[in-house]
file data.txt (compact mmCIF, C-alpha atoms)
# COMPACT_ATOMS: atom_id res chain seq x y z
CA MET X 101 101.14 110.54 73.41
CA THR X 102 99.06 113.19 75.18
CA VAL X 103 95.79 112.59 76.99
CA GLU X 104 93.22 115.15 78.05
CA LEU X 105 90.50 114.65 80.66
CA ILE X 106 87.04 116.22 80.54
CA CYS X 107 84.73 115.59 83.49
CA VAL X 108 81.10 116.47 82.76
CA GLY X 109 78.53 117.47 85.37
CA THR X 110 77.14 120.64 86.87
CA GLU X 111 77.26 118.95 90.28
CA LEU X 112 81.06 118.91 89.99
CA LEU X 113 81.19 122.64 89.29
CA LEU X 114 78.96 123.38 92.26
CA GLY X 115 81.05 121.21 94.58
CA ASN X 116 78.12 118.96 95.39
CA ILE X 117 80.34 115.93 94.81
CA VAL X 118 84.11 115.54 94.84
CA ASN X 119 85.69 114.90 91.43
CA THR X 120 87.53 111.69 92.25
CA ASN X 121 87.36 110.51 88.63
CA ALA X 122 89.93 113.09 87.51
CA ALA X 123 92.51 111.96 90.07
CA TYR X 124 91.92 108.29 89.26
CA LEU X 125 92.12 108.72 85.49
CA ALA X 126 95.18 110.99 85.67
CA GLU X 127 97.08 108.46 87.77
CA LYS X 128 96.10 105.53 85.55
CA CYS X 129 97.02 107.38 82.35
CA ALA X 130 100.39 108.38 83.79
CA GLY X 131 101.03 104.74 84.55
CA LEU X 132 100.43 103.98 80.88
CA GLY X 133 103.06 106.50 79.84
CA LEU X 134 100.60 109.15 78.66
CA SER X 135 101.29 112.84 79.28
CA CYS X 136 98.33 114.81 80.63
CA TYR X 137 98.54 118.59 80.09
CA TYR X 138 94.88 119.59 80.38
CA GLN X 139 91.98 118.68 82.67
CA THR X 140 88.61 120.37 82.38
CA VAL X 141 85.36 120.28 84.33
CA VAL X 142 82.32 121.44 82.36
CA GLY X 143 78.66 121.56 83.34
CA ASP X 144 75.72 119.91 81.62
CA ASN X 145 75.59 122.56 78.90
CA GLU X 146 75.63 121.44 75.27
CA LYS X 147 77.32 124.53 73.83
CA ARG X 148 80.10 124.73 76.40
CA LEU X 149 80.75 120.99 76.29
CA GLU X 150 81.10 121.15 72.50
CA GLU X 151 83.55 124.06 72.76
CA VAL X 152 85.68 122.19 75.29
CA LEU X 153 85.68 118.95 73.29
CA ARG X 154 86.53 120.64 69.97
CA ALA X 155 89.52 122.33 71.62
CA ALA X 156 90.61 119.04 73.19
CA VAL X 157 90.58 116.97 70.00
CA LYS X 158 92.72 119.58 68.25
CA ARG X 159 95.54 119.50 70.81
CA SER X 160 95.49 116.01 72.36
CA ASP X 161 95.96 112.48 71.01
CA ILE X 162 93.48 110.96 73.44
CA VAL X 163 90.47 112.63 75.06
CA ILE X 164 88.68 110.87 77.92
CA LEU X 165 85.26 112.16 79.02
CA SER X 166 83.47 110.97 82.14
CA GLY X 167 79.83 111.60 82.92
CA GLY X 168 76.79 112.59 80.90
CA LEU X 169 75.98 109.17 79.44
CA GLY X 170 72.77 108.59 81.41
CA PRO X 171 69.09 108.61 80.36
CA THR X 172 68.06 112.16 81.24
CA GLU X 173 67.83 115.24 79.02
CA ASP X 174 70.92 116.84 80.52
CA ASP X 175 73.06 113.76 79.73
CA LEU X 176 74.56 115.12 76.51
CA THR X 177 78.11 113.77 76.29
CA LYS X 178 77.44 111.09 73.69
CA GLU X 179 75.39 113.41 71.50
CA VAL X 180 78.03 116.14 71.55
CA ALA X 181 80.91 113.70 70.98
CA SER X 182 79.12 112.18 67.99
CA ARG X 183 78.64 115.60 66.42
CA VAL X 184 82.23 116.69 67.02
CA MET X 185 83.61 113.42 65.60
CA GLY X 186 81.23 113.42 62.64
CA ARG X 187 79.41 110.22 63.58
CA GLU X 188 75.69 109.50 63.61
CA LEU X 189 74.07 107.77 66.57
CA VAL X 190 72.75 104.26 65.89
CA GLU X 191 71.13 101.77 68.24
CA ASP X 192 73.37 98.93 69.42
CA ALA X 193 71.39 95.74 69.89
CA GLY X 194 73.80 94.36 72.48
CA SER X 195 73.55 97.49 74.61
CA ARG X 196 69.74 97.45 74.42
CA LYS X 197 69.73 93.84 75.56
CA CYS X 198 72.02 94.69 78.51
CA ILE X 199 69.62 97.46 79.58
CA GLU X 200 66.67 95.04 79.42
CA THR X 201 68.56 92.47 81.48
CA PHE X 202 69.63 95.09 84.04
CA PHE X 203 66.05 96.15 84.75
CA ALA X 204 64.65 92.61 84.59
CA SER X 205 67.13 91.45 87.24
CA ARG X 206 65.65 94.11 89.53
CA ASN X 207 62.04 93.30 88.68
CA SER X 208 61.67 96.75 87.16
CA VAL X 209 60.48 98.14 83.83
CA PRO X 210 62.72 100.70 82.09
CA THR X 211 61.21 104.08 81.25
CA GLU X 212 61.34 105.18 77.62
CA ASN X 213 64.28 107.57 78.13
CA ASN X 214 66.54 104.66 79.17
CA TRP X 215 66.73 103.45 75.57
CA LYS X 216 68.80 106.45 74.51
CA GLN X 217 71.66 104.83 76.39
CA ALA X 218 71.72 102.10 73.73
CA LEU X 219 72.54 104.68 71.02
CA ILE X 220 76.20 104.47 70.02
CA PRO X 221 78.29 106.67 67.66
CA LYS X 222 78.49 104.71 64.40
CA GLY X 223 81.70 102.66 64.21
CA GLY X 224 82.45 103.16 67.91
CA ILE X 225 83.75 100.39 70.16
CA VAL X 226 81.13 99.55 72.77
CA LEU X 227 82.40 99.10 76.34
CA PRO X 228 80.00 96.91 78.37
CA ASN X 229 78.88 98.16 81.77
CA PRO X 230 77.84 95.30 84.10
CA ASN X 231 77.50 97.78 86.97
CA GLY X 232 75.02 100.17 85.34
CA THR X 233 72.90 100.91 82.30
CA ALA X 234 75.13 103.29 80.31
CA PRO X 235 77.78 101.58 78.14
CA GLY X 236 81.04 103.33 77.42
CA VAL X 237 82.32 104.05 73.92
CA ILE X 238 85.66 104.49 72.17
CA ILE X 239 85.62 106.55 69.00
CA GLY X 240 88.91 105.86 67.26
CA GLU X 241 90.40 108.12 64.60
CA LYS X 242 93.92 108.23 63.17
CA SER X 243 94.63 111.57 64.81
CA THR X 244 92.48 111.40 67.96
CA HIS X 245 90.89 108.76 70.16
CA VAL X 246 87.85 109.84 72.15
CA VAL X 247 86.79 107.70 75.12
CA LEU X 248 83.37 108.12 76.76
CA LEU X 249 82.96 106.73 80.29
CA PRO X 250 80.04 106.81 82.76
CA GLY X 251 80.34 109.17 85.71
CA PRO X 252 79.71 106.91 88.75
CA PRO X 253 83.15 105.72 89.97
CA HIS X 254 81.92 102.15 90.61
CA GLU X 255 81.05 101.98 86.90
CA LEU X 256 83.96 104.00 85.52
CA LYS X 257 86.83 102.25 87.27
CA PRO X 258 86.16 98.63 86.21
CA MET X 259 85.33 99.81 82.69
CA PHE X 260 88.62 101.67 82.43
CA GLU X 261 90.70 98.84 83.85
CA ASN X 262 89.04 96.06 81.86
CA HIS X 263 88.64 97.76 78.49
CA VAL X 264 90.17 101.23 78.17
CA ALA X 265 93.58 100.56 79.72
CA PRO X 266 94.36 97.63 77.36
CA TYR X 267 93.26 99.76 74.38
CA LEU X 268 95.44 102.70 75.40
CA ALA X 269 98.42 100.44 76.20
CA LYS X 270 98.54 99.43 72.54
CA LEU X 271 98.70 103.09 71.50
CA GLU X 272 101.57 104.03 73.83
CA PRO X 273 104.19 101.30 74.41
CA GLY X 274 106.14 103.28 77.02
CA ILE X 275 105.16 103.30 80.69
CA ILE X 276 105.62 105.51 83.73
CA SER X 277 106.26 103.99 87.16
CA SER X 278 106.38 105.73 90.52
CA GLN X 279 107.44 104.90 94.04
CA THR X 280 106.50 106.99 97.04
CA VAL X 281 108.79 107.53 100.02
CA LYS X 282 106.77 108.63 103.06
CA VAL X 283 108.43 110.77 105.72
CA CYS X 284 107.27 111.93 109.15
CA GLY X 285 108.84 114.11 111.83
CA ILE X 286 110.21 116.79 109.46
CA GLY X 287 108.48 119.39 107.32
CA GLU X 288 108.32 119.80 103.56
CA SER X 289 110.79 122.70 103.45
CA LYS X 290 113.46 120.67 105.28
CA VAL X 291 112.81 117.62 103.10
CA GLU X 292 113.22 119.77 99.99
CA THR X 293 116.44 121.28 101.37
CA LEU X 294 117.90 117.83 102.07
CA LEU X 295 117.04 116.72 98.53
CA LYS X 296 117.70 119.99 96.70
CA ASP X 297 120.58 118.74 94.55
CA LEU X 298 118.54 115.69 93.49
CA ILE X 299 115.53 117.86 92.64
CA ASP X 300 117.59 120.46 90.74
CA GLY X 301 119.38 117.77 88.71
CA GLN X 302 116.34 115.64 88.00
CA ASP X 303 115.57 114.36 84.54
CA ASN X 304 114.55 110.72 84.53
CA PRO X 305 113.58 109.83 87.25
CA THR X 306 111.92 113.00 88.54
CA LEU X 307 111.27 113.89 92.19
CA ALA X 308 108.32 115.75 93.68
CA THR X 309 107.42 116.46 97.31
CA TYR X 310 103.86 116.62 98.62
CA ALA X 311 102.91 117.96 102.04
CA LYS X 312 100.34 115.86 103.88
CA PRO X 313 98.90 116.42 107.39
CA GLY X 314 101.84 115.65 109.66
CA GLU X 315 103.99 114.06 106.98
CA VAL X 316 105.67 114.52 103.59
CA HIS X 317 105.52 112.21 100.58
CA ILE X 318 108.35 112.10 98.05
CA ARG X 319 107.31 110.65 94.71
CA VAL X 320 110.02 109.26 92.43
CA THR X 321 108.79 108.81 88.86
CA ALA X 322 110.57 107.24 85.89
CA ARG X 323 109.66 106.76 82.25
CA GLY X 324 110.83 103.76 80.26
CA GLY X 325 110.00 101.06 77.79
CA SER X 326 109.12 98.49 80.44
CA GLU X 327 108.37 98.24 84.15
CA LYS X 328 111.73 96.51 84.66
CA GLU X 329 113.51 99.51 83.15
CA THR X 330 111.60 102.08 85.20
CA ARG X 331 112.19 100.15 88.45
CA ARG X 332 115.91 100.00 87.63
CA LEU X 333 115.94 103.79 87.27
CA ILE X 334 113.96 104.39 90.47
CA LYS X 335 115.90 102.06 92.79
CA PRO X 336 119.15 104.06 93.24
CA VAL X 337 117.25 107.32 93.77
CA VAL X 338 115.12 105.79 96.52
CA LYS X 339 118.28 104.35 98.08
CA GLU X 340 119.86 107.81 98.16
CA ILE X 341 116.73 109.34 99.72
CA LYS X 342 116.81 106.66 102.42
CA SER X 343 120.42 107.49 103.24
CA ARG X 344 119.51 111.16 103.75
CA MET X 345 116.15 110.78 105.52
CA GLY X 346 117.08 107.87 107.81
CA ASN X 347 114.48 106.89 110.40
CA ASN X 348 112.19 109.72 109.30
CA ILE X 349 111.10 107.40 106.50
CA TYR X 350 108.29 105.20 107.74
CA THR X 351 107.54 103.37 104.47
CA THR X 352 108.19 103.17 100.74
CA GLU X 353 104.94 101.31 100.07
CA GLU X 354 102.03 103.18 98.53
CA ASP X 355 99.28 101.59 100.63
CA VAL X 356 100.99 101.90 104.04
CA THR X 357 99.67 104.74 106.18
CA LEU X 358 101.41 106.27 109.19
CA GLU X 359 99.01 104.55 111.59
CA ARG X 360 99.59 101.21 109.89
CA ALA X 361 103.35 101.68 110.16
CA VAL X 362 102.97 102.39 113.89
CA VAL X 363 100.74 99.35 114.43
CA GLU X 364 103.20 97.14 112.53
CA LEU X 365 106.00 98.49 114.73
CA LEU X 366 103.99 97.65 117.86
CA VAL X 367 103.23 94.14 116.59
CA ALA X 368 106.84 93.49 115.56
CA ASN X 369 108.06 94.43 119.04
CA LYS X 370 105.16 92.75 120.88
CA LEU X 371 104.06 95.98 122.52
CA THR X 372 100.57 96.94 123.65
CA VAL X 373 99.26 100.51 123.44
CA THR X 374 96.70 102.62 125.28
CA CYS X 375 95.57 106.19 124.60
CA ALA X 376 94.26 109.07 126.70
CA GLU X 377 92.87 111.96 124.69
CA SER X 378 91.46 115.32 125.56
CA CYS X 379 91.21 117.75 122.61
CA THR X 380 91.32 114.99 119.98
CA GLY X 381 88.33 113.23 121.52
CA GLY X 382 89.24 109.72 120.38
CA LEU X 383 90.63 110.51 116.91
CA LEU X 384 93.97 108.88 117.70
CA SER X 385 92.28 105.68 118.82
CA ALA X 386 90.06 105.78 115.74
CA ARG X 387 93.03 105.95 113.37
CA LEU X 388 94.80 103.12 115.14
CA ILE X 389 91.68 100.96 115.28
CA ASN X 390 91.16 101.49 111.56
CA VAL X 391 94.24 99.30 110.91
CA PRO X 392 93.54 95.58 110.43
CA GLY X 393 95.29 93.49 113.07
CA VAL X 394 95.37 96.26 115.67
CA SER X 395 93.43 94.07 118.10
CA ASP X 396 96.70 92.27 118.85
CA VAL X 397 98.19 95.43 120.37
CA TYR X 398 95.47 97.96 121.23
CA LYS X 399 94.28 97.62 124.84
CA SER X 400 92.06 100.59 125.65
CA GLY X 401 91.37 104.26 125.08
CA TYR X 402 90.13 107.05 127.33
CA VAL X 403 88.58 110.37 126.34
CA THR X 404 89.34 112.51 129.38
CA TYR X 405 87.99 115.82 128.18
CA SER X 406 87.21 117.38 131.56
CA ASN X 407 89.56 118.00 134.46
CA LYS X 408 87.39 115.73 136.57
CA ALA X 409 87.89 112.87 134.11
CA LYS X 410 91.64 113.46 134.08
CA ARG X 411 91.73 113.22 137.87
CA LYS X 412 89.25 110.36 138.31
CA LEU X 413 90.33 108.09 135.44
CA LEU X 414 94.05 108.88 135.12
CA GLY X 415 95.01 110.12 138.55
CA VAL X 416 96.19 113.58 137.46
CA LYS X 417 96.78 115.60 140.61
CA LYS X 418 94.42 118.42 141.46
CA SER X 419 97.43 120.53 142.38
CA THR X 420 98.97 119.96 138.92
CA LEU X 421 95.81 121.13 137.22
CA SER X 422 95.54 124.15 139.50
CA LYS X 423 99.16 125.21 139.12
CA TYR X 424 99.89 124.42 135.47
CA GLY X 425 96.46 123.99 133.89
CA ALA X 426 94.94 121.16 131.89
CA VAL X 427 96.97 122.16 128.84
CA SER X 428 100.51 121.77 130.09
CA ALA X 429 103.51 119.48 129.85
CA GLN X 430 103.02 118.47 133.48
CA THR X 431 99.41 117.39 132.92
CA ALA X 432 100.29 115.49 129.73
CA GLU X 433 103.03 113.61 131.60
CA GLU X 434 100.75 112.72 134.52
CA MET X 435 98.08 111.57 132.07
CA ALA X 436 100.59 109.20 130.45
CA ARG X 437 101.90 107.88 133.76
CA GLY X 438 98.37 107.44 135.10
CA LEU X 439 97.42 105.63 131.90
CA ASN X 440 100.35 103.28 132.41
CA PHE X 441 99.14 102.51 135.90
CA VAL X 442 95.49 101.84 135.05
CA SER X 443 95.98 100.00 131.77
CA LYS X 444 99.27 98.17 132.33
CA GLY X 445 100.15 98.75 128.67
CA ASP X 446 103.68 98.95 127.23
CA VAL X 447 103.11 102.20 125.34
CA ALA X 448 100.88 104.97 126.65
CA VAL X 449 100.08 108.15 124.72
CA SER X 450 98.32 111.18 126.14
CA ILE X 451 97.10 114.33 124.43
CA THR X 452 95.91 117.64 125.86
CA GLY X 453 95.51 120.90 124.01
CA ILE X 454 93.36 123.79 122.79
CA ALA X 455 91.66 123.02 119.47
CA GLY X 456 89.66 126.26 119.40
CA PRO X 457 88.09 128.32 118.14
CA ASP X 458 87.58 129.48 121.73
CA GLY X 459 89.56 128.87 124.88
CA GLY X 460 92.89 130.36 123.84
CA THR X 461 94.79 133.06 125.71
CA GLU X 462 97.94 135.07 124.99
CA GLU X 463 99.89 132.67 127.18
CA LYS X 464 98.18 129.54 125.82
CA PRO X 465 96.89 130.23 122.32
CA VAL X 466 94.58 128.09 120.21
CA GLY X 467 96.66 125.34 118.64
CA LEU X 468 98.86 124.75 121.69
CA VAL X 469 99.08 120.99 122.28
CA TYR X 470 101.13 118.76 124.57
CA ILE X 471 101.64 115.10 123.75
CA ALA X 472 103.30 112.60 126.06
CA CYS X 473 104.44 109.10 125.14
CA SER X 474 105.56 106.49 127.63
CA VAL X 475 107.42 103.37 126.48
CA LYS X 476 107.97 100.89 129.29
CA GLY X 477 107.83 103.78 131.77
CA ASP X 478 110.16 106.16 129.92
CA VAL X 479 108.11 109.31 129.29
CA THR X 480 108.74 111.90 126.58
CA VAL X 481 106.67 115.09 126.46
CA LYS X 482 106.60 117.47 123.50
CA GLU X 483 104.99 120.86 122.94
CA TYR X 484 103.37 121.66 119.59
CA HIS X 485 101.83 124.74 118.01
CA PHE X 486 99.31 124.04 115.25
CA SER X 487 97.25 126.43 113.16
CA GLY X 488 93.97 126.18 111.28
CA ASN X 489 90.41 125.43 112.28
CA ARG X 490 89.31 123.07 115.02
CA GLN X 491 89.28 119.95 112.85
CA THR X 492 92.62 120.76 111.21
CA ILE X 493 94.28 121.19 114.60
CA ARG X 494 92.84 117.93 115.89
CA GLU X 495 93.97 116.00 112.81
CA ALA X 496 97.46 117.53 112.94
CA THR X 497 97.66 116.57 116.61
CA VAL X 498 96.85 112.93 115.85
CA SER X 499 99.54 112.80 113.14
CA ALA X 500 102.03 114.29 115.59
CA ALA X 501 101.05 111.73 118.24
CA LEU X 502 101.61 108.85 115.80
CA THR X 503 104.99 110.30 114.83
CA LEU X 504 106.00 110.70 118.48
CA MET X 505 104.91 107.13 119.26
CA ARG X 506 107.01 105.82 116.42
CA SER X 507 110.13 107.80 117.32
CA CYS X 508 109.89 106.90 121.02
CA ILE X 509 109.59 103.18 120.25
CA LEU X 510 112.53 103.31 117.83
CA GLU X 511 114.63 105.26 120.35
CA TYR X 512 113.78 102.86 123.17
CA PHE X 513 114.92 99.80 121.25
CA SER X 514 117.94 101.62 119.85
CA GLU X 515 119.11 102.31 123.39
CA ILE X 516 118.64 98.65 124.26
CA THR X 517 120.64 97.63 121.19
CA PHE X 518 123.54 99.93 122.12
CA GLY X 519 123.49 98.94 125.79
CA LYS X 520 122.15 102.20 127.17
CA LYS X 521 119.35 100.40 128.99
call {"tool": "encode", "arguments": {"input": "data.txt", "output": "structure tokens"}}
result
Amino acid sequence: MTVELICVGTELLLGNIVNTNAAYLAEKCAGLGLSCYYQTVVGDNEKRLEEVLRAAVKRSDIVILSGGLGPTEDDLTKEVASRVMGRELVEDAGSRKCIETFFASRNSVPTENNWKQALIPKGGIVLPNPNGTAPGVIIGEKSTHVVLLPGPPHELKPMFENHVAPYLAKLEPGIISSQTVKVCGIGESKVETLLKDLIDGQDNPTLATYAKPGEVHIRVTARGGSEKETRRLIKPVVKEIKSRMGNNIYTTEEDVTLERAVVELLVANKLTVTCAESCTGGLLSARLINVPGVSDVYKSGYVTYSNKAKRKLLGVKKSTLSKYGAVSAQTAEEMARGLNFVSKGDVAVSITGIAGPDGGTEEKPVGLVYIACSVKGDVTVKEYHFSGNRQTIREATVSAALTLMRSCILEYFSEITFGKK
């Protein structure tokens, strides 16, 4: 069956808020085995909303609308849907009672316009909303099912999961399952080249690559009659990807981030980490500290933005700064070694670079970054060239630092395993 999404709200068109509902609903519908070919954002305009909805019900089996169910004059979704589906609006006693209870629990009196939220298209299935005042509605027809959901995500998500998903599951018995393989250290073009024969020959499962800051995600998706069947189809494809990507794969779990993978690697090997950052200004430490359990391994972080701070806190030589400059492989290495000395950590990472938009030269352009990583005293320094604005360069630098940390730790213990240390 096909599903179409219509997100209602002028604020979405103007970019005042990010349309997270569309991404959430699309993913959930795909997991139910529904094919989504159209997504539309329309403002709070009655005529345009009606045009969009009439087109949707003609071409799709299921139409899900989010937003426009509130009490104000520009909340028109329910009125338009009722007209398009040939239903009159009637007051639902249960919905009115829920609105009364909602306001009473907050010691507040509802204004008159709130009662319009209790009007429901005749014959529609009412979806209770314990997190707000606007109930959802399902208008079921033989040819088309129209679902009306509130716009606020904290109201929409539980309503979809508790009521809409079970309803839709009965309409479409098949399901779609996905597994994501996350890769760091190589770019999207190389990943695609390594997997080209799998991508060209795909049918079920299918493969798709997505470039993320400093990493690439490979999504393997299969359609089947049950989750057991889809997992059986996905498993050999993921196994083949692992054989080709090797250690560049840092996880096959959806909720594991690169920083979490690095922290788990540190914990597993009983290593502590310290950071010294210049152009990233603490972003690396922030990403690491965002991982639960990092307190077992994270010792300290230094933001050594000025040359004076690099000398005073990390012991970088004045002669090194004079001869090679703050943005150099030599300075990055001395930052890491100095960090080792002052913190006594097992892993030390240092970053120095030019994030822009000013400060670049022909010899050292904006985006030039040096990252050094020391594992038990073994220092690796790498040069990077990033593009984009200041924030983009800083974020790309942090992803590169996490990738370098991971590869240096893996290499260190690999050498121990094979007797090279």
call {"tool": "residues_around", "arguments": {"input": "data.txt", "residues": "X:Gln139", "least_positions_apart": "5", "cutoff": "7 Å", "atoms": "all atoms listed in the file", "output": "PDB file with C-alpha atoms, in the coordinates of the input"}}
result
ATOM      1  CA  GLU X 104      93.220 115.150  78.050  1.00  0.00           C
ATOM      2  CA  LEU X 105      90.500 114.650  80.660  1.00  0.00           C
ATOM      3  CA  ILE X 106      87.040 116.220  80.540  1.00  0.00           C
TER       4      ILE X 106
END
call {"tool": "residues_around", "arguments": {"input": "data.txt", "residues": "X:Ile275", "least_positions_apart": "2", "cutoff": "7 Å", "atoms": "all atoms listed in the file", "output": "list in words"}}
result
Gly131, Leu132, Gly133, Pro273, Ser277, Arg323, Gly324, Gly325, Ser326 and Glu327 of chain X
call {"tool": "atom_distance", "arguments": {"input": "data.txt", "atom1": "atom CA of X:Lys242", "atom2": "atom CA of X:Met101"}}
result
12.7 Å
call {"tool": "closest_residue", "arguments": {"input": "data.txt", "among": "X:Val264, X:Thr244, X:Leu256, X:Tyr470", "to": "X:Ile225", "atoms": "all atoms listed in the file"}}
result
X:Val264
call {"tool": "atom_distance", "arguments": {"input": "data.txt", "atom1": "atom CA of X:Thr431", "atom2": "atom CA of X:Ile286"}}
result
25.8 Å
call {"tool": "atom_distance", "arguments": {"input": "data.txt", "atom1": "atom CA of X:Leu169", "atom2": "atom CA of X:Ser135"}}
result
25.6 Å
call {"tool": "residues_around", "arguments": {"input": "data.txt", "residues": "X:Val283", "least_positions_apart": "6", "cutoff": "7 Å", "atoms": "only C-alpha atoms", "output": "list in words"}}
result
Glu315, Val316, His317, Asn348, Ile349 and Tyr350 of chain X
call {"tool": "write_last_selection", "arguments": {"input": "data.txt", "atoms": "C-alpha atoms", "output": "PDB file, in the frame of the given file"}}
result
ATOM      1  CA  GLU X 315     103.990 114.060 106.980  1.00  0.00           C
ATOM      2  CA  VAL X 316     105.670 114.520 103.590  1.00  0.00           C
ATOM      3  CA  HIS X 317     105.520 112.210 100.580  1.00  0.00           C
ATOM      4  CA  ASN X 348     112.190 109.720 109.300  1.00  0.00           C
ATOM      5  CA  ILE X 349     111.100 107.400 106.500  1.00  0.00           C
ATOM      6  CA  TYR X 350     108.290 105.200 107.740  1.00  0.00           C
TER       7      TYR X 350
END
call {"tool": "residues_around", "arguments": {"input": "data.txt", "residues": "X:Pro253", "least_positions_apart": "3", "cutoff": "9 Å", "atoms": "only C-alpha atoms", "output": "number ranges by chain"}}
result
X: 120-121, 250, 256-258
